[in-house]
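One structure is given below, encoded as structure tokens.
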Amino acid sequence: MLRFLADESCDFAAVRALRAERFDVLSVAEIMSGAQDERVIELALRESRILLTEDKDFGQLVFAAGRESVGVVLIRFAAGARAKIGDRVLELVGKYADRLAGSFVVLQPDRIRISILP
């Protein structure tokens, strides 16, 4: 089963939704609040967890800086659509679970883009 690490920037609705479906989800806010991005991505890699974030800096880390990663899901929802985050994350995992590891995913209210990590 997939394992996740939710960055502090990640809306907690995603964490609650995944936990409700019995996914293993650690939250940076709960275990290492204030951690630098490098420490967050190191933890995700060390524990084989896909990173859930709303911080575009992780795209820079894995693409431009070539930082190794299990996978990243970048959640991009405008204020008016935020109530749908939990459902969309579950939909993403339900449809694309086999493609999340090794990928950089941009999850939006009406679109999912999956790119293979370098």
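Chain labels follow the order of the structure tokens: the first chain is A, the next B, and so on; residue numbering restarts at 1 in every chain, and ligands are counted from 1 in their shown order.
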**For region 55-67 of chain A: contacts at 10 Å, only C-alpha atoms, fewer than 5 positions along chain excluded, given as a PyMOL selection string** = chain A and resi 7-10+37-38+40-42+72-76+104-106+117-118
Store the residues of this selection in a file with N, CA and C atoms, as a tab-separated table (two decimals), in the first residue's frame.
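File result_31.tsv, as written:
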```tsv
chain	number	residue	atom	x	y	z
A	7	ASP	N	3.45	17.52	3.68
A	7	ASP	CA	4.19	18.71	4.05
A	7	ASP	C	3.28	19.64	4.85
A	8	GLU	N	3.89	20.56	5.60
A	8	GLU	CA	3.09	21.51	6.38
A	8	GLU	C	2.16	22.35	5.52
A	9	SER	N	2.54	22.57	4.28
A	9	SER	CA	1.71	23.38	3.39
A	9	SER	C	0.48	22.63	2.88
A	10	CYS	N	0.46	21.33	3.07
A	10	CYS	CA	-0.63	20.50	2.55
A	10	CYS	C	-1.89	20.67	3.40
A	37	ASP	N	12.64	22.29	3.76
A	37	ASP	CA	12.25	21.42	2.64
A	37	ASP	C	13.20	20.25	2.45
A	38	GLU	N	14.50	20.49	2.59
A	38	GLU	CA	15.50	19.41	2.43
A	38	GLU	C	15.26	18.28	3.43
A	40	VAL	N	12.42	17.55	4.86
A	40	VAL	CA	11.14	16.92	4.52
A	40	VAL	C	11.33	15.91	3.40
A	41	ILE	N	12.02	16.31	2.35
A	41	ILE	CA	12.21	15.39	1.22
A	41	ILE	C	13.12	14.23	1.61
A	42	GLU	N	14.08	14.46	2.49
A	42	GLU	CA	14.93	13.37	2.99
A	42	GLU	C	14.11	12.35	3.77
A	72	VAL	N	6.12	13.00	-5.81
A	72	VAL	CA	5.57	14.24	-5.26
A	72	VAL	C	4.19	14.47	-5.87
A	73	VAL	N	3.24	14.84	-5.02
A	73	VAL	CA	1.92	15.29	-5.48
A	73	VAL	C	1.80	16.75	-5.06
A	74	LEU	N	1.80	17.63	-6.06
A	74	LEU	CA	1.64	19.06	-5.84
A	74	LEU	C	0.16	19.40	-6.00
A	75	ILE	N	-0.45	19.84	-4.92
A	75	ILE	CA	-1.87	20.16	-4.91
A	75	ILE	C	-2.04	21.64	-5.20
A	76	ARG	N	-2.80	21.96	-6.25
A	76	ARG	CA	-2.99	23.34	-6.69
A	76	ARG	C	-4.49	23.63	-6.79
A	104	PHE	N	6.02	13.07	-10.62
A	104	PHE	CA	5.66	14.38	-10.08
A	104	PHE	C	4.26	14.65	-10.61
A	105	VAL	N	3.31	14.77	-9.71
A	105	VAL	CA	1.90	14.93	-10.08
A	105	VAL	C	1.43	16.32	-9.69
A	106	VAL	N	0.75	16.98	-10.60
A	106	VAL	CA	0.08	18.23	-10.29
A	106	VAL	C	-1.41	17.92	-10.26
A	117	LEU	N	9.62	11.42	-12.98
A	117	LEU	CA	10.76	12.13	-12.41
A	117	LEU	C	12.04	11.74	-13.15
A	118	PRO	N	12.98	12.69	-13.23
A	118	PRO	CA	14.25	12.38	-13.93
A	118	PRO	C	15.05	11.32	-13.18
```
**Item:** Shell around Glu91 (chain A) at 12 Å using only C-alpha atoms, local window under 4 positions removed, as number ranges by chain
**Value:** A: 14, 17-18, 21, 84-87, 95-97, 107-112
**Prompt:** Using only C-alpha atoms, which residues sit within 12 Å of Arg16 (chain A) once same-chain residues fewer than 3 positions away are excluded, as an NGL selection string?
**Reply:** :A and (4 or 6 or 10-13 or 19-27 or 85-87 or 89-90)
File dump, residues just selected, C-alpha atoms, as a PDB file, in the first residue's frame:
```pdb
ATOM      1  CA  PHE A   4       2.519   9.402   2.215  1.00  0.00           C
ATOM      2  CA  ALA A   6       2.137  15.525   4.030  1.00  0.00           C
ATOM      3  CA  CYS A  10      -0.634  20.502   2.549  1.00  0.00           C
ATOM      4  CA  ASP A  11      -4.276  21.077   3.435  1.00  0.00           C
ATOM      5  CA  PHE A  12      -5.080  18.692   6.288  1.00  0.00           C
ATOM      6  CA  ALA A  13      -8.237  17.596   4.440  1.00  0.00           C
ATOM      7  CA  ARG A  19      -6.253   8.253   6.844  1.00  0.00           C
ATOM      8  CA  ALA A  20     -10.004   7.568   6.717  1.00  0.00           C
ATOM      9  CA  GLU A  21      -9.240   5.071   3.937  1.00  0.00           C
ATOM     10  CA  ARG A  22      -6.494   3.541   6.121  1.00  0.00           C
ATOM     11  CA  PHE A  23      -3.513   4.891   4.207  1.00  0.00           C
ATOM     12  CA  ASP A  24      -0.305   5.402   6.147  1.00  0.00           C
ATOM     13  CA  VAL A  25       0.114   9.201   6.238  1.00  0.00           C
ATOM     14  CA  LEU A  26       2.633  11.116   8.297  1.00  0.00           C
ATOM     15  CA  SER A  27       2.149  14.848   8.710  1.00  0.00           C
ATOM     16  CA  ILE A  85      -9.206  18.506  -1.923  1.00  0.00           C
ATOM     17  CA  GLY A  86      -9.867  15.357   0.116  1.00  0.00           C
ATOM     18  CA  ASP A  87     -12.110  13.814  -2.526  1.00  0.00           C
ATOM     19  CA  VAL A  89      -6.730  13.160  -3.512  1.00  0.00           C
ATOM     20  CA  LEU A  90      -8.694   9.947  -2.982  1.00  0.00           C
TER      21      LEU A  90
END
```
**Asked** Looking only at the backbone, which of the residues in region 19-101 of chain A does DSSP tag as alpha helix (DSSP H), as number ranges by chain?
**Response** A: 19-20, 28-31, 37-46, 57-59, 85-100
Go ahead and save the residues from that selection, with N, CA and C atoms, as an mmCIF file, in the first residue's frame.
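part33.cif was written with the following content:
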```
data_model
loop_
_atom_site.group_PDB
_atom_site.id
_atom_site.type_symbol
_atom_site.label_atom_id
_atom_site.label_comp_id
_atom_site.auth_asym_id
_atom_site.auth_seq_id
_atom_site.Cartn_x
_atom_site.Cartn_y
_atom_site.Cartn_z
ATOM 1 N N ARG A 19 -6.217 9.040 5.602
ATOM 2 C CA ARG A 19 -6.253 8.253 6.844
ATOM 3 C C ARG A 19 -7.592 7.542 7.015
ATOM 4 N N ALA A 20 -8.674 8.186 6.610
ATOM 5 C CA ALA A 20 -10.004 7.568 6.717
ATOM 6 C C ALA A 20 -10.088 6.299 5.868
ATOM 7 N N VAL A 28 4.017 16.370 8.503
ATOM 8 C CA VAL A 28 5.154 17.152 8.991
ATOM 9 C C VAL A 28 4.704 18.054 10.137
ATOM 10 N N ALA A 29 3.509 18.605 10.050
ATOM 11 C CA ALA A 29 3.000 19.478 11.110
ATOM 12 C C ALA A 29 2.918 18.747 12.452
ATOM 13 N N GLU A 30 2.686 17.454 12.416
ATOM 14 C CA GLU A 30 2.552 16.660 13.649
ATOM 15 C C GLU A 30 3.880 16.138 14.165
ATOM 16 N N ILE A 31 4.841 15.866 13.272
ATOM 17 C CA ILE A 31 6.066 15.192 13.718
ATOM 18 C C ILE A 31 7.329 16.038 13.676
ATOM 19 N N ASP A 37 12.641 22.287 3.757
ATOM 20 C CA ASP A 37 12.250 21.420 2.645
ATOM 21 C C ASP A 37 13.201 20.254 2.449
ATOM 22 N N GLU A 38 14.499 20.490 2.593
ATOM 23 C CA GLU A 38 15.497 19.413 2.431
ATOM 24 C C GLU A 38 15.255 18.285 3.427
ATOM 25 N N ARG A 39 14.962 18.622 4.669
ATOM 26 C CA ARG A 39 14.691 17.596 5.691
ATOM 27 C C ARG A 39 13.408 16.837 5.378
ATOM 28 N N VAL A 40 12.423 17.551 4.858
ATOM 29 C CA VAL A 40 11.136 16.921 4.524
ATOM 30 C C VAL A 40 11.335 15.905 3.402
ATOM 31 N N ILE A 41 12.022 16.309 2.351
ATOM 32 C CA ILE A 41 12.212 15.393 1.220
ATOM 33 C C ILE A 41 13.120 14.229 1.606
ATOM 34 N N GLU A 42 14.083 14.458 2.492
ATOM 35 C CA GLU A 42 14.935 13.370 2.994
ATOM 36 C C GLU A 42 14.108 12.350 3.766
ATOM 37 N N LEU A 43 13.201 12.822 4.616
ATOM 38 C CA LEU A 43 12.343 11.910 5.382
ATOM 39 C C LEU A 43 11.458 11.098 4.447
ATOM 40 N N ALA A 44 10.863 11.762 3.464
ATOM 41 C CA ALA A 44 10.006 11.046 2.508
ATOM 42 C C ALA A 44 10.795 9.950 1.795
ATOM 43 N N LEU A 45 12.009 10.264 1.378
ATOM 44 C CA LEU A 45 12.845 9.288 0.683
ATOM 45 C C LEU A 45 13.252 8.151 1.618
ATOM 46 N N ARG A 46 13.709 8.499 2.806
ATOM 47 C CA ARG A 46 14.163 7.492 3.776
ATOM 48 C C ARG A 46 13.047 6.511 4.134
ATOM 49 N N ASP A 57 8.146 24.829 -4.366
ATOM 50 C CA ASP A 57 9.594 24.665 -4.195
ATOM 51 C C ASP A 57 10.042 23.209 -4.348
ATOM 52 N N PHE A 58 9.164 22.285 -4.050
ATOM 53 C CA PHE A 58 9.533 20.873 -4.200
ATOM 54 C C PHE A 58 9.702 20.495 -5.668
ATOM 55 N N GLY A 59 9.003 21.160 -6.552
ATOM 56 C CA GLY A 59 9.229 20.974 -7.989
ATOM 57 C C GLY A 59 10.631 21.396 -8.364
ATOM 58 N N ILE A 85 -10.558 19.076 -1.970
ATOM 59 C CA ILE A 85 -9.206 18.506 -1.923
ATOM 60 C C ILE A 85 -9.215 17.048 -1.483
ATOM 61 N N GLY A 86 -9.863 16.734 -0.385
ATOM 62 C CA GLY A 86 -9.867 15.357 0.116
ATOM 63 C C GLY A 86 -10.398 14.369 -0.910
ATOM 64 N N ASP A 87 -11.515 14.695 -1.520
ATOM 65 C CA ASP A 87 -12.110 13.814 -2.526
ATOM 66 C C ASP A 87 -11.200 13.642 -3.740
ATOM 67 N N ARG A 88 -10.574 14.742 -4.179
ATOM 68 C CA ARG A 88 -9.700 14.668 -5.356
ATOM 69 C C ARG A 88 -8.440 13.852 -5.073
ATOM 70 N N VAL A 89 -7.901 13.963 -3.869
ATOM 71 C CA VAL A 89 -6.730 13.160 -3.512
ATOM 72 C C VAL A 89 -7.103 11.684 -3.524
ATOM 73 N N LEU A 90 -8.249 11.349 -2.962
ATOM 74 C CA LEU A 90 -8.694 9.947 -2.982
ATOM 75 C C LEU A 90 -8.948 9.469 -4.406
ATOM 76 N N GLU A 91 -9.507 10.317 -5.239
ATOM 77 C CA GLU A 91 -9.723 9.965 -6.638
ATOM 78 C C GLU A 91 -8.381 9.708 -7.341
ATOM 79 N N LEU A 92 -7.420 10.568 -7.091
ATOM 80 C CA LEU A 92 -6.081 10.404 -7.666
ATOM 81 C C LEU A 92 -5.487 9.056 -7.271
ATOM 82 N N VAL A 93 -5.518 8.748 -5.998
ATOM 83 C CA VAL A 93 -4.947 7.496 -5.505
ATOM 84 C C VAL A 93 -5.724 6.305 -6.052
ATOM 85 N N GLY A 94 -7.025 6.423 -6.117
ATOM 86 C CA GLY A 94 -7.841 5.327 -6.640
ATOM 87 C C GLY A 94 -7.568 5.019 -8.098
ATOM 88 N N LYS A 95 -7.376 6.037 -8.895
ATOM 89 C CA LYS A 95 -7.178 5.836 -10.335
ATOM 90 C C LYS A 95 -5.728 5.609 -10.737
ATOM 91 N N TYR A 96 -4.806 6.230 -10.021
ATOM 92 C CA TYR A 96 -3.412 6.259 -10.483
ATOM 93 C C TYR A 96 -2.402 5.742 -9.458
ATOM 94 N N ALA A 97 -2.827 4.954 -8.516
ATOM 95 C CA ALA A 97 -1.918 4.467 -7.465
ATOM 96 C C ALA A 97 -0.650 3.852 -8.037
ATOM 97 N N ASP A 98 -0.776 3.119 -9.126
ATOM 98 C CA ASP A 98 0.378 2.432 -9.714
ATOM 99 C C ASP A 98 1.333 3.387 -10.433
ATOM 100 N N ARG A 99 0.942 4.646 -10.610
ATOM 101 C CA ARG A 99 1.788 5.614 -11.329
ATOM 102 C C ARG A 99 2.372 6.695 -10.430
ATOM 103 N N LEU A 100 2.022 6.719 -9.158
ATOM 104 C CA LEU A 100 2.453 7.813 -8.288
ATOM 105 C C LEU A 100 3.923 7.723 -7.896
#
```
**Item:** strand (DSSP E) residues, from DSSP on the backbone, in region 3-55 of chain A, as a list in words
**Value:** Arg3, Phe4, Leu5, Ala6, Asp24, Val25, Leu26, Ser27, Ile50, Leu51, Leu52 and Thr53 of chain A
Put those residues in a file: N, CA and C atoms, as a PDB file, in the first residue's frame.
```pdb
ATOM      1  N   ARG A   3       2.406   4.858   0.859  1.00  0.00           N
ATOM      2  CA  ARG A   3       2.643   5.610   2.093  1.00  0.00           C
ATOM      3  C   ARG A   3       2.906   7.069   1.701  1.00  0.00           C
ATOM      4  N   PHE A   4       2.429   7.988   2.534  1.00  0.00           N
ATOM      5  CA  PHE A   4       2.519   9.402   2.215  1.00  0.00           C
ATOM      6  C   PHE A   4       3.144  10.194   3.343  1.00  0.00           C
ATOM      7  N   LEU A   5       3.735  11.331   2.969  1.00  0.00           N
ATOM      8  CA  LEU A   5       4.200  12.330   3.917  1.00  0.00           C
ATOM      9  C   LEU A   5       3.583  13.648   3.482  1.00  0.00           C
ATOM     10  N   ALA A   6       2.785  14.252   4.342  1.00  0.00           N
ATOM     11  CA  ALA A   6       2.137  15.525   4.030  1.00  0.00           C
ATOM     12  C   ALA A   6       2.986  16.664   4.573  1.00  0.00           C
ATOM     13  N   ASP A  24      -1.341   4.994   5.206  1.00  0.00           N
ATOM     14  CA  ASP A  24      -0.305   5.402   6.147  1.00  0.00           C
ATOM     15  C   ASP A  24       0.155   6.805   5.749  1.00  0.00           C
ATOM     16  N   VAL A  25      -0.214   7.808   6.553  1.00  0.00           N
ATOM     17  CA  VAL A  25       0.114   9.201   6.238  1.00  0.00           C
ATOM     18  C   VAL A  25       0.754   9.854   7.455  1.00  0.00           C
ATOM     19  N   LEU A  26       1.987  10.298   7.282  1.00  0.00           N
ATOM     20  CA  LEU A  26       2.633  11.116   8.297  1.00  0.00           C
ATOM     21  C   LEU A  26       2.435  12.571   7.922  1.00  0.00           C
ATOM     22  N   SER A  27       2.311  13.417   8.930  1.00  0.00           N
ATOM     23  CA  SER A  27       2.149  14.848   8.710  1.00  0.00           C
ATOM     24  C   SER A  27       3.336  15.575   9.320  1.00  0.00           C
ATOM     25  N   ILE A  50       5.452   9.042  -0.551  1.00  0.00           N
ATOM     26  CA  ILE A  50       5.141  10.036  -1.579  1.00  0.00           C
ATOM     27  C   ILE A  50       4.790  11.330  -0.856  1.00  0.00           C
ATOM     28  N   LEU A  51       5.399  12.406  -1.293  1.00  0.00           N
ATOM     29  CA  LEU A  51       5.212  13.696  -0.645  1.00  0.00           C
ATOM     30  C   LEU A  51       3.963  14.392  -1.175  1.00  0.00           C
ATOM     31  N   LEU A  52       3.111  14.830  -0.266  1.00  0.00           N
ATOM     32  CA  LEU A  52       1.935  15.647  -0.591  1.00  0.00           C
ATOM     33  C   LEU A  52       2.257  17.076  -0.188  1.00  0.00           C
ATOM     34  N   THR A  53       2.116  18.018  -1.096  1.00  0.00           N
ATOM     35  CA  THR A  53       2.483  19.397  -0.793  1.00  0.00           C
ATOM     36  C   THR A  53       1.680  20.384  -1.614  1.00  0.00           C
TER      37      THR A  53
END
```
**Request:** Would you mind telling me which residue in A:Gln36, A:Val70, A:Phe77, A:Arg82 lies nearest to Ser103 (chain A) when using only C-alpha atoms?
**Result:**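 Selected residue with least distance to Ser103 (chain A): A:Val70.
Between CA of Gly34 (chain A) and CA of Ala78 (chain A) the interatomic distance comes to 24.0 Å.
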